[in-house]
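Report on the following structure.
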Amino acid sequence: MKLFGVTFRHGVHPPDSKSLTEHVPVRRMPFPSRIVLPLRQHAGKPAVPLVAVGDRVERGDKVAESDGFVSVPIHASAAGEVVGIDWWPHPDGTMCESIIIDVEEFSAQIPRPRTIPEWDGLSAEEIRKAVQRAGVVGLGGAAFPTHVKLAPPPDHEIEWLLVNGAECEPYLTTDHRTMVEYPERVHAGIRIMMRCLGVKRAVIGVEQNKPDAIEALRATLPTDIDVVVQPLVVKYPQGAEKMLIHVVTGREVPSGKLPMHVGAVVQNVGSIATIAEVFETGLPLIERIVTVTGPGVVRPANLIVPVGTPLQDVLDVCGGITEDAAEIVFGGPMMGSSQPDMRTPLIKGTTGVVVLTRAEVKPKHTYPCIKCGHCLDACPVFLNPSDLGLLAQAGRYEDMRTAHLMDCMLCGCCSYVCPSNIPLSQMFSLSRNALRKQDAAAREAQSAATAGASS
Amino acid sequence: MTAHRFELTASPHIKGPDSTPVIMWSVVGTLVPVVGAAAWHFGPSALLVILAATLGCLLSERLVGPGGAVRDGSAAITGILLGLTLPATLPLWMAFVGGVFAIVFGKLIFGGLGQNVFNPALLGRAFMQAAFPEALTSWPGPTTSWAALRGDNFALPFMSADPAVTVTGATPLGQMKFEQIPTETIDLLLGSTSGSLGETSAVLILLGGAYLALRKYLNWRIPISVLLTVGVLSQIAHVADPRQYPDAVFMLFSGGLMLGAVYMATDMVTSPTTNTGCWVYGLGIGALVVLIRLWGGLPEGVMYAILFMNALVPFINRATQPRVFGTGRGVAT
């Protein structure tokens with residue numbers, strides 16, 4: 001391990017804006033009067049409800065399930081009555097079928113007794129099953145089901161467990177507070193993951209703007225397993241999977257491949273702590289730490305929020321929003337998504353609620369590309385966003401694929417530095433969707449043709 | 001609270017501090033001292049010529065270009081840079097016509113900001129060189145007072161300058177090329193020689209360039225590679241034959257090399273987007289400058305060197321694309 005901070009080439013330096021909440025201890029918010037559980041919470045198949053309108057549910061009850069491998073069940077995050085299974089605004093900007101639960105007033109919200117066993121005596125397979133049953137997904141934003149990460153295909157030998165405590169998105173402090181307040185949980189989670197994956201080495205990468213987190217993790221470092229804390233230079237997107245792997249192991253994840261192809265599994269520090277938490281409490285994943293912050297929030301805070309709490313309730317707990325609040329973002333300001341609706345629930349992948357004011361909202365006027373090359377100097381995967389942007393405007397999606405569009409992480413560095421304010425990463429996201437649709441249509445035509453030929 | 005309407009934008013939701021107008025106007029800002037030095041050396045004529053060229057640029061951008069484009073500052077840069085390549089003796093109408101040509105045929109005809117292949121100021125200069133060859137090469141000589149006009153600036157449109165009004169001199173490069181007379185280095189540094197308006201203040205140009213490079217408003221690799229190439233190549237020639245060829249210091253500080261290397265070659269639109277490409281491009285410009293100055297028919301070659309390399313930029317870009325993460329030699333097999 002290197003003593004000093006390490007980092008990757010390129011990237012950007014947005015102001016980290018973490019001082020609003022970085023030293024604010026995590027506290028539990030009161031239960032809202034209603035919770036909304038979208039049936040599509042994460043990557044993978046949407047879940048099917050197991051409850052009907054009028055049913056009473058206890059806190060921690062399973063209310064929806066999916067049979068896919070890459071999916072997890074959904075649990076009630078508060079006791080109450082199911083009052084509807086309706087279309088509701090989803091954080092991704094669409095409408096989504098959701099289970100709506102009126103939370104029981106004056107309830108002690110005591111959960112059912114342990115539904116998840118202790119992990120000590122369990123085999124790797126049993127641990128994976130338990131993690132899936134507990135509805136655990138990655139809490140870093142993408143909400144990828146954790147049990148899938150615990151089961152790498154047997155043809156890849158995993159050497160490294162990389163624990164992502166970079167938290168490179170500005171404003172967010174959920175991982176920071178987790179590392180400071182629950183370092184033992186992080187270590188316990190690492191232990192569980194190492195057992196499951198059979199890896200010998202774990203590295204926790206933490207950006208240097210969190211010295212207290214580094215200290216807390218080092219003070220509680222277990223001595224019987226090989227785990228170290230690696231300070232990282234403060235730079236966005238230091239927490240991107242490929243960047244973290246490159247920095248710690250010196251290996252580049254090949255284009256189009258997954259981290260396990262270079263023998264690494266990356267897990268976000270909050271998700272690791274959650275693995276330990278579900279085994280510790282015996283409860284499924286029904287609440288998470290959320291940073292509610294930004295200059296548009298009256299009292300920024302780090303809150304333990306029941307999954308499915310509507311945005312309005314979360315903001316109310318923080319004193320509401322200021323007069324000049326102009327934009328609400330779920331997640332960090334670099335990769336999060338704008339929210340138009342106060343009824344939208346926070347879900348398992350919601351790392352933060354950032355309220356920006358008029359002053360931070362980006363300008364609308366764009367200028368022509370002046371070929372300054374700043375985007376080339378910012379792109380952490382060495383694409384040519386300037387050329388890709390011109391191709392996108394011309395609708396030349398196939399040429400964009402040749403120019404490695406699919407290697408784009410949509411990190412937003414190019415848009416951030418563009419002096420002409422060209423929405424490059426948005427264009428790339430749309431171009432990718434267009435290509436995906438095109439590919440799906442081509443596949444369909446292909447299968448129709450083969451079906452026609454065989455009949 | 002209920003009436004609150006929220007912005008809906010795609011990520012990223014925050015934006016870095018740089019903007020195209022800020023970059024452009026910063027360049028204009030760093031040119032102000034250079035213009036001041038031109039006025040110091042060449043009197044009111046300098047300001048008049050630069051003003052006429054700039055006016056030609058701004059007016060044609062306003063009348064022919066897309067609405068509001070004057071505000072982005074790029075036309076102002078073209079005008080000032082074009083003005084700085086002209087002699088103080090020039091009739092103002094010629095400077096104005098040059099400015100119009102630079103914007104209309106150097107930029108707008110390609111599709112406006114960001115689309116042009118050639119540096120518009122240099123294209124305007126090249127046009128003027130062809131259209132007004134005599135006027136463009138009558139360099140001002142010493143005058144009686146600072147306030148005196150250096151030439152027939154107010155010649156009527158479509159009229160040549162009255163030669164009687166102009167006291168002409170010779171540029172250091174011209175003297176060197178055609179008469180083998182060297183110039184004192186200190187005169188070159190301070191700019192107390194004859195030449196075009198912007199050929200005279202190497203120190204101020206370097207300071208402005210350093211500021212822009214620090215702000216990343218120009219790619220430092222370009223001026224460094226141009227100047228390094230010129231310095232090394234001309235020193236080699238000098239060592240080989242000191243009587244025939246001037247030394248590196250003379251080559252670096254004479255003529256339009258400083259203005260060209262720092263302000264013209266670094267035009268973002270017409271220079272490579274890749275960093276490797278910038279090295280190649282700068283090297284090409286430097287080599288061409290030495291080639292033209294030492295063995296060509298002209299005393300000065302910066303303009304043609306840059307225009308020629310401008311034309312090669314798309315090829316340079318294509319040849320120097322960065323290696324995408326996770327491809328090629330970066331991937332362990």
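We label chains A, B, ... in the order they appear in the structure tokens, count residues from 1 in each chain, and number ligands from 1 in the order shown.
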Quick one: contact table of chain B to chain A, 9 Å max, nearest atom pair and distance in Å to one decimal per residue, counting only C-alpha atoms, chain and number order, as JSON lines?
```
{"residue": "B:Met1", "atom": "CA", "partner": "A:Glu323", "partner_atom": "CA", "distance": 8.1}
{"residue": "B:His4", "atom": "CA", "partner": "A:Ala326", "partner_atom": "CA", "distance": 8.2}
{"residue": "B:Arg5", "atom": "CA", "partner": "A:Ala326", "partner_atom": "CA", "distance": 7.4}
{"residue": "B:Phe6", "atom": "CA", "partner": "A:Glu327", "partner_atom": "CA", "distance": 5.1}
{"residue": "B:Glu7", "atom": "CA", "partner": "A:Glu327", "partner_atom": "CA", "distance": 5.0}
{"residue": "B:Leu8", "atom": "CA", "partner": "A:Ser338", "partner_atom": "CA", "distance": 5.3}
{"residue": "B:Thr9", "atom": "CA", "partner": "A:Ser338", "partner_atom": "CA", "distance": 6.2}
{"residue": "B:Ala10", "atom": "CA", "partner": "A:Gln426", "partner_atom": "CA", "distance": 6.1}
{"residue": "B:Ser11", "atom": "CA", "partner": "A:Met335", "partner_atom": "CA", "distance": 5.2}
{"residue": "B:Pro12", "atom": "CA", "partner": "A:Met334", "partner_atom": "CA", "distance": 4.1}
{"residue": "B:His13", "atom": "CA", "partner": "A:Pro333", "partner_atom": "CA", "distance": 5.0}
{"residue": "B:Ile14", "atom": "CA", "partner": "A:Lys362", "partner_atom": "CA", "distance": 5.5}
{"residue": "B:Lys15", "atom": "CA", "partner": "A:Tyr416", "partner_atom": "CA", "distance": 4.7}
{"residue": "B:Gly16", "atom": "CA", "partner": "A:Tyr416", "partner_atom": "CA", "distance": 5.2}
{"residue": "B:Pro17", "atom": "CA", "partner": "A:Val417", "partner_atom": "CA", "distance": 7.8}
{"residue": "B:Asp18", "atom": "CA", "partner": "A:Pro419", "partner_atom": "CA", "distance": 5.0}
{"residue": "B:Ser19", "atom": "CA", "partner": "A:Pro419", "partner_atom": "CA", "distance": 3.8}
{"residue": "B:Thr20", "atom": "CA", "partner": "A:Pro419", "partner_atom": "CA", "distance": 4.9}
{"residue": "B:Pro21", "atom": "CA", "partner": "A:Pro419", "partner_atom": "CA", "distance": 8.3}
{"residue": "B:Val22", "atom": "CA", "partner": "A:Pro419", "partner_atom": "CA", "distance": 8.5}
{"residue": "B:Ile23", "atom": "CA", "partner": "A:Pro419", "partner_atom": "CA", "distance": 8.0}
{"residue": "B:Asp72", "atom": "CA", "partner": "A:Tyr367", "partner_atom": "CA", "distance": 8.5}
{"residue": "B:Gly112", "atom": "CA", "partner": "A:Pro368", "partner_atom": "CA", "distance": 8.6}
{"residue": "B:Leu113", "atom": "CA", "partner": "A:Pro368", "partner_atom": "CA", "distance": 6.4}
{"residue": "B:Gly114", "atom": "CA", "partner": "A:Ile370", "partner_atom": "CA", "distance": 4.4}
{"residue": "B:Gln115", "atom": "CA", "partner": "A:Ile370", "partner_atom": "CA", "distance": 7.9}
{"residue": "B:Lys216", "atom": "CA", "partner": "A:His374", "partner_atom": "CA", "distance": 8.5}
{"residue": "B:Tyr217", "atom": "CA", "partner": "A:Cys372", "partner_atom": "CA", "distance": 8.1}
{"residue": "B:Leu218", "atom": "CA", "partner": "A:Cys372", "partner_atom": "CA", "distance": 8.1}
{"residue": "B:Asn219", "atom": "CA", "partner": "A:Cys372", "partner_atom": "CA", "distance": 8.5}
{"residue": "B:Asp267", "atom": "CA", "partner": "A:Cys372", "partner_atom": "CA", "distance": 8.6}
{"residue": "B:Met268", "atom": "CA", "partner": "A:Cys372", "partner_atom": "CA", "distance": 4.9}
{"residue": "B:Val269", "atom": "CA", "partner": "A:Ile370", "partner_atom": "CA", "distance": 5.0}
{"residue": "B:Thr270", "atom": "CA", "partner": "A:Lys371", "partner_atom": "CA", "distance": 7.8}
{"residue": "B:Ser271", "atom": "CA", "partner": "A:Lys371", "partner_atom": "CA", "distance": 7.9}
{"residue": "B:Pro272", "atom": "CA", "partner": "A:Lys371", "partner_atom": "CA", "distance": 7.8}
{"residue": "B:Thr273", "atom": "CA", "partner": "A:Gly373", "partner_atom": "CA", "distance": 4.4}
{"residue": "B:Thr274", "atom": "CA", "partner": "A:Gly373", "partner_atom": "CA", "distance": 6.5}
{"residue": "B:Asn275", "atom": "CA", "partner": "A:Gly373", "partner_atom": "CA", "distance": 8.3}
{"residue": "B:Gln321", "atom": "CA", "partner": "A:Asn384", "partner_atom": "CA", "distance": 7.5}
{"residue": "B:Pro322", "atom": "CA", "partner": "A:Phe382", "partner_atom": "CA", "distance": 5.9}
{"residue": "B:Arg323", "atom": "CA", "partner": "A:Phe382", "partner_atom": "CA", "distance": 6.3}
{"residue": "B:Val324", "atom": "CA", "partner": "A:Phe382", "partner_atom": "CA", "distance": 4.8}
{"residue": "B:Phe325", "atom": "CA", "partner": "A:Val381", "partner_atom": "CA", "distance": 4.6}
{"residue": "B:Gly326", "atom": "CA", "partner": "A:Pro254", "partner_atom": "CA", "distance": 4.0}
{"residue": "B:Thr327", "atom": "CA", "partner": "A:Ser255", "partner_atom": "CA", "distance": 5.8}
{"residue": "B:Gly328", "atom": "CA", "partner": "A:Pro254", "partner_atom": "CA", "distance": 8.9}
{"residue": "B:Gly330", "atom": "CA", "partner": "A:Glu252", "partner_atom": "CA", "distance": 6.3}
{"residue": "B:Val331", "atom": "CA", "partner": "A:Glu252", "partner_atom": "CA", "distance": 5.8}
{"residue": "B:Ala332", "atom": "CA", "partner": "A:Arg251", "partner_atom": "CA", "distance": 7.3}
```
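Residues surrounding A:Pro30 within 10 Å are Leu303, Ile304, Val305, Pro306, Asp313, Val314 and Val317 of chain A [only C-alpha atoms; sequence separation below 4 positions excluded].
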Per-residue DSSP, stretch 12-184 of chain A, filtered to helix (DSSP H, G or I), as a PyMOL selection string: chain A and resi 18-20+124-133+146-149+174-181+183-184
Output C-alpha atoms for every residue in the selection just made, as a short mmCIF file (atom, residue, chain, number, x, y, z; two decimals), in the first residue's frame.
```
data_model
loop_
_atom_site.label_atom_id
_atom_site.label_comp_id
_atom_site.auth_asym_id
_atom_site.auth_seq_id
_atom_site.Cartn_x
_atom_site.Cartn_y
_atom_site.Cartn_z
CA LYS A 18 -19.38 18.56 2.19
CA SER A 19 -18.90 20.93 5.12
CA LEU A 20 -22.69 21.33 5.43
CA ALA A 124 -21.10 -18.99 1.75
CA GLU A 125 -24.22 -20.12 -0.08
CA GLU A 126 -26.38 -19.65 3.01
CA ILE A 127 -24.95 -16.16 3.50
CA ARG A 128 -25.81 -15.25 -0.08
CA LYS A 129 -29.36 -16.58 0.37
CA ALA A 130 -29.77 -14.61 3.58
CA VAL A 131 -28.44 -11.43 1.98
CA GLN A 132 -30.88 -11.85 -0.90
CA ARG A 133 -33.75 -12.55 1.49
CA THR A 146 -25.54 -7.52 -3.34
CA HIS A 147 -25.97 -11.30 -3.36
CA VAL A 148 -25.06 -11.33 -7.07
CA LYS A 149 -21.75 -9.66 -6.24
CA THR A 174 -23.56 9.21 4.00
CA ASP A 175 -20.53 6.98 3.49
CA HIS A 176 -18.40 9.43 5.44
CA ARG A 177 -20.69 9.27 8.48
CA THR A 178 -21.00 5.48 8.15
CA MET A 179 -17.22 5.13 8.33
CA VAL A 180 -16.92 7.53 11.26
CA GLU A 181 -19.85 6.23 13.31
CA PRO A 183 -16.43 1.48 11.50
CA GLU A 184 -16.94 -1.92 13.18
#
```
I'd like the neighbourhood of A:Thr309 as a PyMOL selection string, where a residue qualifies if any of its atoms comes within 9 Å (using only C-alpha atoms), though same-chain residues fewer than 2 positions away should be ignored. chain A and resi 31-37+77+305-307+311-314+343-347
Could you pull out the strand (DSSP E) residues of stretch 40-270 of chain B, going by DSSP on the backbone, and write them as a ChimeraX atom specification? /B:139-140,168-169
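Here atom CA of B:Pro33 stands at a distance of 19.4 Å from atom CA of B:Ile186.
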Residues near stretch 42-53 of chain B, cut-off 7 Å, only C-alpha atoms, skip fewer than 6 positions along chain, as a ChimeraX atom specification: /B:79-80,82-84,88,90,92,95-96,98-99,146-150,153,197
Take the residues just selected and output them with N, CA and C atoms as a PDB file, in the first residue's frame.
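File written: result_17.pdb
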```pdb
ATOM      1  N   GLY B  79     -10.367  40.629 -34.480  1.00  0.00           N
ATOM      2  CA  GLY B  79     -10.074  41.996 -34.890  1.00  0.00           C
ATOM      3  C   GLY B  79      -8.777  42.511 -34.301  1.00  0.00           C
ATOM      4  N   ILE B  80      -8.615  42.316 -32.997  1.00  0.00           N
ATOM      5  CA  ILE B  80      -7.411  42.834 -32.339  1.00  0.00           C
ATOM      6  C   ILE B  80      -6.170  42.105 -32.859  1.00  0.00           C
ATOM      7  N   LEU B  82      -5.778  40.597 -35.740  1.00  0.00           N
ATOM      8  CA  LEU B  82      -5.496  41.022 -37.105  1.00  0.00           C
ATOM      9  C   LEU B  82      -4.798  42.381 -37.080  1.00  0.00           C
ATOM     10  N   GLY B  83      -5.344  43.300 -36.295  1.00  0.00           N
ATOM     11  CA  GLY B  83      -4.748  44.632 -36.185  1.00  0.00           C
ATOM     12  C   GLY B  83      -3.291  44.559 -35.776  1.00  0.00           C
ATOM     13  N   LEU B  84      -2.981  43.617 -34.856  1.00  0.00           N
ATOM     14  CA  LEU B  84      -1.611  43.517 -34.361  1.00  0.00           C
ATOM     15  C   LEU B  84      -0.632  42.972 -35.401  1.00  0.00           C
ATOM     16  N   ALA B  88       1.764  50.087 -38.802  1.00  0.00           N
ATOM     17  CA  ALA B  88       1.089  51.314 -38.371  1.00  0.00           C
ATOM     18  C   ALA B  88       0.840  52.268 -39.529  1.00  0.00           C
ATOM     19  N   LEU B  90      -0.581  51.652 -42.282  1.00  0.00           N
ATOM     20  CA  LEU B  90      -1.642  51.182 -43.161  1.00  0.00           C
ATOM     21  C   LEU B  90      -2.826  52.155 -43.222  1.00  0.00           C
ATOM     22  N   LEU B  92      -6.538  53.118 -43.022  1.00  0.00           N
ATOM     23  CA  LEU B  92      -7.529  52.462 -42.152  1.00  0.00           C
ATOM     24  C   LEU B  92      -8.540  51.648 -42.935  1.00  0.00           C
ATOM     25  N   ALA B  95      -7.426  48.127 -43.317  1.00  0.00           N
ATOM     26  CA  ALA B  95      -7.559  47.344 -42.082  1.00  0.00           C
ATOM     27  C   ALA B  95      -9.013  46.907 -41.897  1.00  0.00           C
ATOM     28  N   PHE B  96      -9.941  47.827 -42.193  1.00  0.00           N
ATOM     29  CA  PHE B  96     -11.364  47.525 -42.048  1.00  0.00           C
ATOM     30  C   PHE B  96     -11.765  46.392 -42.998  1.00  0.00           C
ATOM     31  N   GLY B  98      -9.866  44.171 -44.295  1.00  0.00           N
ATOM     32  CA  GLY B  98      -9.235  42.946 -43.804  1.00  0.00           C
ATOM     33  C   GLY B  98     -10.058  42.309 -42.696  1.00  0.00           C
ATOM     34  N   GLY B  99     -10.582  43.137 -41.796  1.00  0.00           N
ATOM     35  CA  GLY B  99     -11.409  42.630 -40.704  1.00  0.00           C
ATOM     36  C   GLY B  99     -12.673  41.975 -41.223  1.00  0.00           C
ATOM     37  N   TRP B 146       5.835  61.440 -30.880  1.00  0.00           N
ATOM     38  CA  TRP B 146       5.003  60.266 -30.618  1.00  0.00           C
ATOM     39  C   TRP B 146       3.630  60.418 -31.249  1.00  0.00           C
ATOM     40  N   ALA B 147       3.098  61.627 -31.204  1.00  0.00           N
ATOM     41  CA  ALA B 147       1.730  61.859 -31.642  1.00  0.00           C
ATOM     42  C   ALA B 147       1.593  61.874 -33.155  1.00  0.00           C
ATOM     43  N   ALA B 148       2.707  61.932 -33.873  1.00  0.00           N
ATOM     44  CA  ALA B 148       2.611  62.016 -35.329  1.00  0.00           C
ATOM     45  C   ALA B 148       2.085  60.704 -35.898  1.00  0.00           C
ATOM     46  N   LEU B 149       1.252  60.777 -36.937  1.00  0.00           N
ATOM     47  CA  LEU B 149       0.786  59.578 -37.618  1.00  0.00           C
ATOM     48  C   LEU B 149       1.978  58.938 -38.318  1.00  0.00           C
ATOM     49  N   ARG B 150       1.996  57.595 -38.351  1.00  0.00           N
ATOM     50  CA  ARG B 150       3.134  56.905 -38.933  1.00  0.00           C
ATOM     51  C   ARG B 150       3.001  56.739 -40.434  1.00  0.00           C
ATOM     52  N   ASN B 153      -2.727  57.123 -42.796  1.00  0.00           N
ATOM     53  CA  ASN B 153      -3.802  56.299 -42.247  1.00  0.00           C
ATOM     54  C   ASN B 153      -5.164  56.677 -42.807  1.00  0.00           C
ATOM     55  N   LEU B 197       2.447  45.863 -35.614  1.00  0.00           N
ATOM     56  CA  LEU B 197       2.119  46.408 -34.293  1.00  0.00           C
ATOM     57  C   LEU B 197       2.392  45.437 -33.155  1.00  0.00           C
TER      58      LEU B 197
END
```
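Using only C-alpha atoms, the protein and nucleic acid residues lying no more than 7 Å from A:Ala134, apart from those fewer than 5 places from it along its own chain, are Ile116, Val278, Pro284 and Leu285 of chain A.
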Got a sec: who's within 12 Å of B:Pro66, counting only C-alpha atoms, leaving out chain neighbours fewer than 3 positions off, as a PDB file with N, CA and C atoms, in the first residue's frame?
```
ATOM      1  N   TYR A 367     -23.113  27.412 -26.191  1.00  0.00           N
ATOM      2  CA  TYR A 367     -22.365  27.984 -27.312  1.00  0.00           C
ATOM      3  C   TYR A 367     -21.900  26.838 -28.190  1.00  0.00           C
ATOM      4  N   PRO A 368     -21.454  27.150 -29.408  1.00  0.00           N
ATOM      5  CA  PRO A 368     -20.908  26.072 -30.238  1.00  0.00           C
ATOM      6  C   PRO A 368     -19.628  25.520 -29.620  1.00  0.00           C
TER       7      PRO A 368
ATOM      8  N   SER B  60     -19.126  43.009 -39.222  1.00  0.00           N
ATOM      9  CA  SER B  60     -19.544  41.920 -40.100  1.00  0.00           C
ATOM     10  C   SER B  60     -20.125  40.761 -39.290  1.00  0.00           C
ATOM     11  N   GLU B  61     -19.589  40.518 -38.075  1.00  0.00           N
ATOM     12  CA  GLU B  61     -20.183  39.483 -37.223  1.00  0.00           C
ATOM     13  C   GLU B  61     -21.621  39.862 -36.876  1.00  0.00           C
ATOM     14  N   ARG B  62     -21.818  41.149 -36.575  1.00  0.00           N
ATOM     15  CA  ARG B  62     -23.143  41.618 -36.187  1.00  0.00           C
ATOM     16  C   ARG B  62     -24.129  41.536 -37.350  1.00  0.00           C
ATOM     17  N   LEU B  63     -23.666  41.902 -38.549  1.00  0.00           N
ATOM     18  CA  LEU B  63     -24.581  41.986 -39.685  1.00  0.00           C
ATOM     19  C   LEU B  63     -24.754  40.649 -40.397  1.00  0.00           C
ATOM     20  N   ALA B  69     -23.906  36.930 -31.523  1.00  0.00           N
ATOM     21  CA  ALA B  69     -22.594  36.286 -31.541  1.00  0.00           C
ATOM     22  C   ALA B  69     -21.470  37.246 -31.179  1.00  0.00           C
ATOM     23  N   VAL B  70     -21.724  38.559 -31.314  1.00  0.00           N
ATOM     24  CA  VAL B  70     -20.683  39.535 -30.973  1.00  0.00           C
ATOM     25  C   VAL B  70     -20.317  39.418 -29.502  1.00  0.00           C
ATOM     26  N   ARG B  71     -21.333  39.087 -28.679  1.00  0.00           N
ATOM     27  CA  ARG B  71     -21.110  39.061 -27.239  1.00  0.00           C
ATOM     28  C   ARG B  71     -20.144  37.955 -26.796  1.00  0.00           C
ATOM     29  N   ASP B  72     -19.973  36.882 -27.587  1.00  0.00           N
ATOM     30  CA  ASP B  72     -19.082  35.807 -27.139  1.00  0.00           C
ATOM     31  C   ASP B  72     -17.612  36.218 -27.216  1.00  0.00           C
ATOM     32  N   ALA B  75     -15.127  37.514 -32.116  1.00  0.00           N
ATOM     33  CA  ALA B  75     -14.882  38.456 -33.211  1.00  0.00           C
ATOM     34  C   ALA B  75     -13.935  39.567 -32.751  1.00  0.00           C
ATOM     35  N   VAL B 104     -15.975  37.182 -42.360  1.00  0.00           N
ATOM     36  CA  VAL B 104     -16.924  36.597 -43.311  1.00  0.00           C
ATOM     37  C   VAL B 104     -16.331  35.361 -43.982  1.00  0.00           C
ATOM     38  N   LYS B 107     -14.443  32.823 -41.067  1.00  0.00           N
ATOM     39  CA  LYS B 107     -15.195  32.159 -40.006  1.00  0.00           C
ATOM     40  C   LYS B 107     -16.638  31.851 -40.400  1.00  0.00           C
ATOM     41  N   LEU B 108     -17.389  32.896 -40.777  1.00  0.00           N
ATOM     42  CA  LEU B 108     -18.827  32.695 -40.974  1.00  0.00           C
ATOM     43  C   LEU B 108     -19.131  31.736 -42.115  1.00  0.00           C
ATOM     44  N   ILE B 109     -18.318  31.806 -43.152  1.00  0.00           N
ATOM     45  CA  ILE B 109     -18.594  30.964 -44.313  1.00  0.00           C
ATOM     46  C   ILE B 109     -18.452  29.480 -43.963  1.00  0.00           C
ATOM     47  N   GLY B 111     -19.442  28.305 -41.099  1.00  0.00           N
ATOM     48  CA  GLY B 111     -20.537  27.949 -40.194  1.00  0.00           C
ATOM     49  C   GLY B 111     -20.422  28.655 -38.861  1.00  0.00           C
ATOM     50  N   GLY B 112     -19.540  29.622 -38.761  1.00  0.00           N
ATOM     51  CA  GLY B 112     -19.465  30.416 -37.536  1.00  0.00           C
ATOM     52  C   GLY B 112     -18.535  29.836 -36.493  1.00  0.00           C
ATOM     53  N   LEU B 113     -18.670  30.328 -35.274  1.00  0.00           N
ATOM     54  CA  LEU B 113     -17.766  29.970 -34.177  1.00  0.00           C
ATOM     55  C   LEU B 113     -17.589  28.459 -34.069  1.00  0.00           C
TER      56      LEU B 113
END
```
When you look at B:Asp247 with a cut-off of 9 Å (counting only C-alpha atoms), what residues show up, excluding the ones that are within fewer than 4 positions of it in the same chain? I need them as a PyMOL selection string. chain B and resi 231+234-239+242+251-252
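Between atom CA of B:Ala170 and atom CA of B:Ser138 lies a distance of 8.2 Å.
Taking atom CA of A:Pro49 and atom CA of A:Gly135 as endpoints, the distance between them is 14.4 Å.
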